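Enquirer: Sharing final23.txt below, compact mmCIF, C-alpha atoms:
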# COMPACT_ATOMS: atom_id res chain seq x y z
CA ALA A 1 -16.47 41.48 -45.07
CA ALA A 2 -18.53 38.60 -43.74
CA PRO A 3 -17.81 37.49 -40.17
CA ARG A 4 -15.70 34.35 -40.14
CA ALA A 5 -16.51 31.36 -38.01
CA ASP A 6 -14.40 30.80 -34.90
CA VAL A 7 -15.88 27.56 -33.65
CA SER A 8 -13.38 26.70 -30.92
CA GLY A 9 -13.40 30.24 -29.54
CA LEU A 10 -17.20 30.46 -29.51
CA VAL A 11 -17.59 27.09 -27.82
CA GLY A 12 -15.18 28.22 -25.12
CA LEU A 13 -17.13 31.47 -24.63
CA PHE A 14 -20.39 29.51 -24.44
CA GLU A 15 -19.15 27.08 -21.79
CA THR A 16 -17.47 29.79 -19.69
CA ALA A 17 -20.57 32.01 -19.78
CA LEU A 18 -22.76 29.14 -18.56
CA ARG A 19 -20.41 28.31 -15.66
CA ARG A 20 -20.27 31.92 -14.55
CA HIS A 21 -24.05 32.30 -14.82
CA ARG A 22 -24.87 29.23 -12.75
CA ALA A 23 -22.43 30.10 -9.97
CA ALA A 24 -23.56 33.73 -9.78
CA LYS A 25 -27.27 32.85 -9.86
CA ALA A 26 -26.93 30.46 -6.93
CA ARG A 27 -25.08 33.09 -4.92
CA ARG A 28 -27.65 35.80 -5.68
CA LEU A 29 -30.54 33.60 -4.61
CA SER A 30 -28.89 32.99 -1.24
CA LEU A 31 -30.36 34.92 1.69
CA VAL A 32 -26.98 34.96 3.44
CA LYS A 33 -24.39 37.55 2.51
CA GLU A 34 -21.38 35.93 0.85
CA ARG A 35 -18.06 37.26 -0.33
CA PRO A 36 -18.17 37.74 -4.11
CA ALA A 37 -16.37 35.00 -5.95
CA THR A 38 -13.89 35.65 -8.72
CA LEU A 39 -15.95 34.51 -11.68
CA ARG A 40 -13.89 35.74 -14.59
CA GLU A 41 -12.18 32.91 -16.42
CA ALA A 42 -9.73 32.95 -19.26
CA GLY A 43 -11.58 32.89 -22.55
CA GLY A 44 -8.77 34.07 -24.76
CA ALA A 45 -6.38 36.99 -24.53
CA VAL A 46 -7.90 40.45 -24.41
CA GLU A 47 -6.03 43.13 -26.31
CA ALA A 48 -5.51 46.27 -24.29
CA ALA A 49 -6.30 48.44 -27.31
CA LEU A 50 -9.81 47.06 -27.68
CA LEU A 51 -12.79 49.11 -26.50
CA PRO A 52 -15.41 47.84 -24.00
CA ALA A 53 -17.69 45.08 -25.24
CA PRO A 54 -21.24 45.65 -26.51
CA THR A 55 -24.00 45.77 -23.89
CA PHE A 56 -26.83 43.31 -23.28
CA ALA A 57 -30.26 43.95 -21.74
CA ASN A 58 -33.60 42.19 -21.41
CA VAL A 59 -35.99 44.84 -22.77
CA ALA A 60 -39.19 42.77 -22.63
CA ALA A 61 -42.35 44.40 -21.29
CA ASP A 62 -43.63 41.19 -19.72
CA PRO A 63 -42.06 38.78 -17.19
CA ARG A 64 -43.36 35.94 -19.36
CA ALA A 65 -41.29 37.12 -22.34
CA LEU A 66 -37.61 37.51 -23.15
CA VAL A 67 -36.33 40.12 -25.60
CA VAL A 68 -32.56 40.60 -25.60
CA GLU A 69 -31.11 43.85 -26.95
CA VAL A 70 -27.45 43.88 -27.94
CA ALA A 71 -25.85 47.25 -28.64
CA ALA A 72 -22.43 48.34 -29.86
CA ASP A 73 -21.24 51.90 -30.47
CA ALA A 74 -22.98 53.62 -33.35
CA GLY A 75 -19.87 53.58 -35.58
CA ASP A 76 -19.29 49.84 -35.23
CA ALA A 77 -20.78 46.90 -37.02
CA LEU A 78 -22.12 44.25 -34.64
CA ASP A 79 -21.23 40.57 -34.74
CA TYR A 80 -23.24 38.35 -32.42
CA PHE A 81 -23.75 34.72 -31.47
CA HIS A 82 -26.78 33.13 -29.80
CA ARG A 83 -27.33 29.55 -28.74
CA ARG A 84 -29.65 27.82 -26.29
CA ALA A 85 -27.99 25.54 -23.77
CA GLY A 86 -28.50 21.90 -24.67
CA ASP A 87 -29.18 22.60 -28.35
CA ASP A 88 -26.16 21.37 -30.28
CA SER A 89 -27.84 21.65 -33.66
CA GLU A 90 -27.22 25.38 -33.98
CA ARG A 91 -24.16 26.59 -35.89
CA ASP A 92 -21.28 28.07 -33.88
CA ALA A 93 -20.42 31.12 -35.97
CA TRP A 94 -20.59 34.88 -35.74
CA VAL A 95 -23.59 36.54 -37.40
CA ARG A 96 -23.41 40.12 -38.68
CA ALA A 97 -26.32 42.29 -37.52
CA GLU A 98 -27.84 44.86 -39.86
CA GLY A 99 -26.87 47.77 -37.60
CA SER A 100 -25.01 48.50 -34.39
CA THR A 101 -28.05 47.49 -32.29
CA MET A 102 -30.23 44.43 -32.64
CA ARG A 103 -32.94 42.59 -30.72
CA VAL A 104 -33.75 38.91 -30.41
CA ALA A 105 -37.25 37.93 -29.28
CA VAL A 106 -36.69 34.54 -27.67
CA ASP A 107 -39.57 32.06 -27.90
CA ALA A 108 -37.97 28.82 -26.74
CA PRO A 109 -37.85 28.28 -22.96
CA GLY A 110 -34.46 27.54 -21.48
CA THR A 111 -31.06 29.12 -20.95
CA HIS A 112 -29.75 31.29 -23.78
CA VAL A 113 -26.14 32.38 -24.24
CA PHE A 114 -25.25 35.50 -26.21
CA ALA A 115 -21.86 36.79 -27.32
CA ALA A 116 -21.15 40.00 -29.23
CA ARG A 117 -18.32 42.17 -30.48
CA GLY A 118 -18.04 45.48 -32.29
CA VAL A 119 -16.07 45.31 -35.52
CA ASP A 120 -14.87 47.61 -38.27
CA PRO A 121 -17.71 47.81 -40.84
CA ALA A 122 -15.32 47.68 -43.77
CA THR A 123 -12.71 45.12 -42.71
CA GLY A 124 -14.45 43.11 -40.01
CA ALA A 125 -11.49 43.62 -37.69
CA PRO A 126 -12.51 43.56 -34.00
CA ARG A 127 -12.80 46.97 -32.36
CA THR A 128 -14.12 45.87 -28.98
CA GLU A 129 -13.67 43.09 -26.50
CA VAL A 130 -16.01 40.13 -26.84
CA GLY A 131 -18.89 40.32 -24.35
CA THR A 132 -21.09 37.45 -23.18
CA ALA A 133 -24.41 37.32 -21.37
CA VAL A 134 -26.76 34.53 -20.29
CA PHE A 135 -30.54 34.93 -20.03
CA GLU A 136 -33.10 32.38 -18.89
CA HIS A 137 -36.54 32.28 -20.48
CA ALA A 138 -38.43 30.91 -17.49
CA LEU A 139 -40.64 32.07 -14.64
CA PRO A 140 -39.09 34.45 -12.06
CA GLU A 141 -37.59 32.74 -9.02
CA VAL A 142 -39.13 34.85 -6.23
CA VAL A 143 -42.17 37.11 -5.82
CA ARG A 144 -42.79 39.54 -2.97
CA VAL A 145 -46.45 40.56 -2.56
CA ALA A 146 -47.57 43.40 -0.28
CA ALA A 147 -50.65 41.44 0.78
CA HIS A 148 -48.42 38.78 2.34
CA GLY A 149 -45.37 39.47 4.48
CA GLU A 150 -43.35 36.47 3.32
CA ALA A 151 -41.44 36.07 0.07
CA LEU A 152 -42.93 33.45 -2.24
CA GLY A 153 -40.58 31.06 -3.99
CA LEU A 154 -41.19 29.14 -7.21
CA VAL A 155 -41.89 25.46 -6.46
CA GLU A 156 -43.63 22.51 -8.00
CA ALA A 157 -47.26 22.14 -6.97
CA GLY A 158 -47.37 20.47 -3.59
CA GLY A 159 -43.71 21.14 -2.93
CA GLY A 160 -44.34 23.66 -0.16
CA ALA A 161 -47.96 24.70 -0.53
CA THR A 162 -50.33 23.06 1.90
CA GLY A 163 -53.48 23.94 0.00
CA ALA A 164 -54.62 22.69 -3.37
CA VAL A 165 -55.91 26.06 -4.58
CA CYS A 166 -54.51 29.52 -5.17
CA ASP A 167 -55.08 31.74 -2.13
CA ARG A 168 -56.12 34.64 -4.37
CA CYS A 169 -58.26 33.29 -7.23
CA GLY A 170 -59.21 29.86 -5.83
CA ASP A 171 -58.07 27.96 -8.93
CA ALA A 172 -56.48 24.56 -8.48
CA LEU A 173 -52.68 24.53 -8.25
CA VAL A 174 -51.81 21.98 -10.90
CA ALA A 175 -48.31 22.97 -12.05
CA THR A 176 -45.68 25.37 -10.74
CA VAL A 177 -46.76 27.69 -7.94
CA TYR A 178 -45.37 30.49 -5.79
CA ALA A 179 -45.43 29.46 -2.15
CA ALA A 180 -44.21 30.79 1.18
CA ALA A 181 -41.53 28.73 2.89
CA SER A 182 -43.99 28.01 5.68
CA GLY A 183 -46.44 26.51 3.19
CA ALA A 184 -49.22 28.67 4.59
CA TYR A 185 -49.75 30.78 1.48
CA ALA A 186 -49.53 30.00 -2.24
CA LEU A 187 -50.42 31.69 -5.52
CA CYS A 188 -50.70 30.49 -9.07
CA PRO A 189 -48.31 32.26 -11.50
CA ALA A 190 -51.18 34.25 -13.03
CA CYS A 191 -51.94 35.84 -9.66
CA ALA A 192 -48.36 36.12 -8.44
CA LEU A 193 -46.61 37.69 -11.40
CA PRO A 194 -46.82 41.36 -12.41
CA ALA A 195 -49.04 42.04 -15.39
CA SER A 196 -47.73 42.80 -18.86
CA THR A 197 -47.12 46.39 -19.90
CA LYS A 198 -47.30 45.56 -23.59
CA PRO A 199 -49.44 47.86 -25.76
CA GLY A 200 -53.02 46.64 -25.93
CA THR A 201 -53.02 45.01 -22.50
CA THR A 202 -54.97 46.27 -19.50
CA THR A 203 -54.24 45.70 -15.83
CA THR A 204 -56.42 45.49 -12.74
CA ARG A 205 -55.14 47.25 -9.66
CA ARG A 206 -54.20 44.82 -6.89
CA ALA A 207 -51.68 44.60 -4.07
CA SER A 208 -48.22 45.74 -5.14
CA SER A 209 -45.66 43.05 -5.91
CA VAL A 210 -42.12 42.67 -7.17
CA ALA A 211 -40.79 39.60 -8.98
CA LEU A 212 -37.09 38.76 -8.76
CA ASP A 213 -36.01 37.27 -12.08
CA ILE A 214 -32.30 36.55 -11.76
CA GLY A 215 -32.24 34.33 -14.83
CA ALA A 216 -33.74 37.08 -17.00
CA ARG A 217 -31.77 39.86 -15.22
CA ARG A 218 -34.82 41.90 -14.22
CA LEU A 219 -36.86 42.97 -11.21
CA TRP A 220 -40.45 43.20 -12.43
CA LEU A 221 -42.78 45.73 -10.83
CA SER A 222 -46.51 45.05 -10.65
CA GLU A 223 -47.22 48.59 -11.87
CA ASP A 224 -45.27 51.69 -12.82
CA VAL A 225 -44.10 54.00 -10.07
CA GLN A 226 -46.36 57.07 -10.23
CA PHE A 227 -45.00 60.61 -10.02
CA LEU A 228 -46.55 63.99 -9.26
CA GLY A 229 -47.03 65.83 -12.57
CA ASN A 230 -43.81 66.73 -14.39
CA SER A 231 -41.71 66.15 -11.30
CA ALA A 232 -39.63 63.46 -9.61
CA GLY A 233 -41.90 63.36 -6.57
CA ILE A 234 -43.28 59.87 -5.97
CA LYS A 235 -47.01 59.63 -5.33
CA GLU A 236 -48.18 58.19 -2.02
CA GLU A 237 -49.92 55.33 -3.82
CA SER A 238 -46.58 54.01 -5.12
CA LEU A 239 -44.78 53.85 -1.78
CA GLU A 240 -46.12 50.35 -1.11
CA LEU A 241 -44.47 49.21 -4.36
CA VAL A 242 -41.20 50.91 -3.42
CA ALA A 243 -41.31 49.13 -0.06
CA GLN A 244 -41.64 45.74 -1.78
CA LEU A 245 -38.67 46.52 -4.04
CA ALA A 246 -36.59 47.45 -1.01
CA ALA A 247 -37.63 44.25 0.79
CA VAL A 248 -36.50 42.07 -2.12
CA LEU A 249 -33.10 43.76 -2.19
CA ARG A 250 -32.72 43.50 1.59
CA ASP A 251 -33.57 39.80 1.40
CA HIS A 252 -30.91 39.17 -1.27
CA PRO A 253 -27.71 40.93 -0.18
CA ASN A 254 -25.65 39.15 -2.83
CA ILE A 255 -27.32 41.20 -5.54
CA GLU A 256 -24.62 43.82 -5.25
CA ARG A 257 -25.85 46.16 -7.96
CA VAL A 258 -29.03 46.93 -9.84
CA ARG A 259 -29.65 49.50 -12.57
CA LEU A 260 -32.70 51.76 -12.40
CA GLU A 261 -33.61 53.11 -15.83
CA GLY A 262 -35.76 56.21 -16.21
CA HIS A 263 -37.86 56.45 -19.41
CA THR A 264 -40.04 59.23 -20.78
CA ASN A 265 -42.93 59.50 -23.21
CA SER A 266 -40.97 61.44 -25.79
CA ARG A 267 -39.26 60.80 -29.09
CA CYS A 268 -36.24 62.62 -27.67
CA GLY A 269 -33.27 60.30 -27.53
CA LEU A 270 -30.05 60.33 -25.56
CA GLY A 271 -28.99 63.53 -27.34
CA CYS A 272 -31.70 65.48 -25.50
CA ASP A 273 -29.47 66.45 -22.59
CA GLY A 274 -30.00 70.19 -22.50
CA THR A 275 -26.85 71.05 -24.44
CA SER A 276 -28.81 72.02 -27.57
CA THR A 277 -32.32 73.20 -28.42
CA CYS A 278 -34.69 70.25 -28.47
CA SER A 279 -36.84 69.87 -31.59
CA ASN A 280 -39.72 68.78 -29.37
CA ALA A 281 -41.27 72.09 -28.26
CA THR A 282 -43.07 70.58 -25.26
CA CYS A 283 -39.97 68.78 -24.05
CA HIS A 284 -37.85 71.86 -24.51
CA LYS A 285 -40.36 73.99 -22.63
CA HIS A 286 -40.46 71.72 -19.59
CA PHE A 287 -36.96 70.27 -19.45
CA GLY A 288 -34.70 72.27 -21.79
CA LYS A 289 -33.10 74.34 -19.04
CA SER A 290 -32.62 71.42 -16.66
CA GLY A 291 -30.74 68.88 -18.75
CA GLY A 292 -33.46 67.87 -21.16
CA ALA A 293 -35.37 64.60 -21.22
CA VAL A 294 -32.25 62.65 -20.26
CA ALA A 295 -31.84 64.52 -16.97
CA PHE A 296 -35.59 64.38 -16.31
CA SER A 297 -35.70 60.59 -16.72
CA LEU A 298 -32.53 60.26 -14.63
CA GLY A 299 -34.12 62.33 -11.87
CA ARG A 300 -37.06 59.95 -11.66
CA ALA A 301 -34.79 56.91 -11.50
CA GLU A 302 -32.80 58.59 -8.73
CA ALA A 303 -36.00 59.40 -6.83
CA VAL A 304 -36.90 55.71 -6.76
CA ALA A 305 -33.35 54.76 -5.77
CA ASN A 306 -33.36 57.27 -2.92
CA ALA A 307 -36.73 56.00 -1.69
CA VAL A 308 -35.44 52.42 -1.75
CA ALA A 309 -32.27 53.47 0.10
CA ALA A 310 -34.40 55.18 2.75
CA ARG A 311 -35.92 51.75 3.41
CA GLY A 312 -32.67 50.06 4.37
CA VAL A 313 -30.86 49.34 1.08
CA ASP A 314 -27.29 50.58 0.56
CA ARG A 315 -27.51 53.41 -2.00
CA GLY A 316 -24.23 52.21 -3.48
CA ARG A 317 -26.03 49.14 -4.84
CA LEU A 318 -28.34 51.31 -6.96
CA GLU A 319 -27.06 52.66 -10.27
CA CYS A 320 -29.31 55.15 -12.09
CA VAL A 321 -29.47 56.08 -15.78
CA GLY A 322 -31.75 58.37 -17.77
CA LEU A 323 -32.74 57.03 -21.18
CA ALA A 324 -35.32 59.69 -22.15
CA GLY A 325 -37.43 58.28 -25.01
CA SER A 326 -34.74 56.10 -26.53
CA ARG A 327 -36.66 52.87 -25.82
CA LEU A 328 -40.39 53.43 -26.22
CA LEU A 329 -42.91 50.71 -25.44
CA VAL A 330 -45.64 52.56 -27.35
CA ASP A 331 -44.72 54.24 -30.63
CA ASP A 332 -47.66 56.67 -30.55
CA THR A 333 -46.52 59.22 -27.98
CA GLU A 334 -49.85 61.06 -28.30
CA GLY A 335 -52.09 57.98 -28.01
CA ASP A 336 -54.18 56.57 -25.18
CA GLU A 337 -51.42 54.21 -24.02
CA ASN A 338 -48.55 56.69 -24.00
CA HIS A 339 -48.42 56.52 -20.20
CA LYS A 340 -46.70 53.14 -20.57
CA ASN A 341 -43.62 54.95 -21.86
CA ARG A 342 -43.27 56.85 -18.57
CA ARG A 343 -41.65 54.29 -16.35
CA VAL A 344 -38.71 53.26 -14.20
CA GLU A 345 -37.39 49.79 -14.98
CA VAL A 346 -35.13 47.79 -12.67
CA HIS A 347 -32.42 45.62 -14.21
CA LEU A 348 -29.80 43.35 -12.66
CA ASP A 349 -26.20 44.04 -13.58
CA ASP A 350 -24.05 41.48 -15.35
CA LEU A 351 -23.79 38.14 -13.58
How does the structure come out when it is put into structure tokens?
Expert:
Amino acid sequence: AAPRADVSGLVGLFETALRRHRAAKARRLSLVKERPATLREAGGAVEAALLPAPTFANVAADPRALVVEVAADAGDALDYFHRRAGDDSERDAWVRAEGSTMRVAVDAPGTHVFAARGVDPATGAPRTEVGTAVFEHALPEVVRVAAHGEALGLVEAGGGATGAVCDRCGDALVATVYAAASGAYALCPACALPASTKPGTTTTRRASSVALDIGARRLWLSEDVQFLGNSAGIKEESLELVAQLAAVLRDHPNIERVRLEGHTNSRCGLGCDGTSTCSNATCHKHFGKSGGAVAFSLGRAEAVANAVAARGVDRGRLECVGLAGSRLLVDDTEGDENHKNRRVEVHLDDL
């Protein structure tokens, strides 16, 4: 059955999601701890029998991109809705995805509202609550660079930077820049932002940095945290990066919870949890007796969380999950770029 339009309900979801997003973003950017506001608003009755809503995540490999993944349970069909704020030309109706998981690569800058629900594949009857999420396709709001002790905020050129050139590359600052509040230090976005981890891109080692991207619900790391062999021990060279991540979270106490995701270079999915023999001989050899690739990736996420907590961040703010090889950046797990699959990503929880 085709999903039927519910224009009034979708418009209400859209407007409520935007209000919640704007209020929560302003609170998270504050450097002063505030009491969490009650942001949930009535958007229609929720039936107690319905299951939890589908999940939303920004799975882009580049802070300059936005790729939203929406996922329902494997047995459900997925209805979704997507509209950019300020664009009234788009139709307000549910769209049926081809499977229970779908991705939208967003090209247009701006604020994008998503809604989704899991439904019965045969009848179209709702099985889950309706979930909403808002993502902004824009530059991150704050960057913390190890080479400079002060956080750098996103401002218009001249709106806080005393110099006319980037303090790293020397190029003229002609548009938006990242500048210290004192105005004594400024970087162009190319120098301030972490490099892309997309396949086919190369990076040059420079001072570690972390970009806080509240609108896109990510904390971008300038490079992957490095580990010792097939272990969860963090290499000395990555401790500077961990320190910058901790500093960002200390500076923004109203970010109550972040999710650290461990990923492996393996085609093993979430079923590789040590409860059955893994079809990947190498994976089974190294991790089969210790919870499989899921537990291995979880252990690395927990190692980063523990290192951040040791630097003054409440461990209760740090949720950890192990995703094994369920979301590869590089399809060729034997190729020259397979190291990009071994990573710990940091995501913000729902606003």
Enquirer: Point out the residue among A:Thr277, A:Ser297, A:Thr132, A:Ser222 with the least atom-to-atom distance to A:Asp350, counting all atoms listed in the file.
Expert: A:Thr132
Enquirer: Quick one: of A:Lys25, A:His82, A:Arg311, A:His148, who's nearest to A:Ser209, counting all atoms listed in the file?
Expert: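 Checking each of A:Lys25, A:His82, A:Arg311, A:His148 against A:Ser209, counting all atoms listed in the file, the winner is A:His148.
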Enquirer: Taking 2 positions as the minimum chain separation for residues in the same chain, which residues sit within 10 Å of stretch 117-120 of chain A when counting all atoms listed in the file? Answer as a ChimeraX atom specification.
Expert: /A:1,3,50-55,70-81,94,96,100,115,122-132
Enquirer: Report, in Å with one decimal, the straight-line distance from atom CA of A:Val225 to atom CA of A:Val143.
Expert: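 Taking atom CA of A:Val225 as the start and atom CA of A:Val143 as the end point, the length is 17.5 Å.
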Enquirer: Just how far from atom CA of A:Leu66 is atom CA of A:Gly271, in Å to one decimal?
Expert: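 Those two atoms sit 27.7 Å apart.
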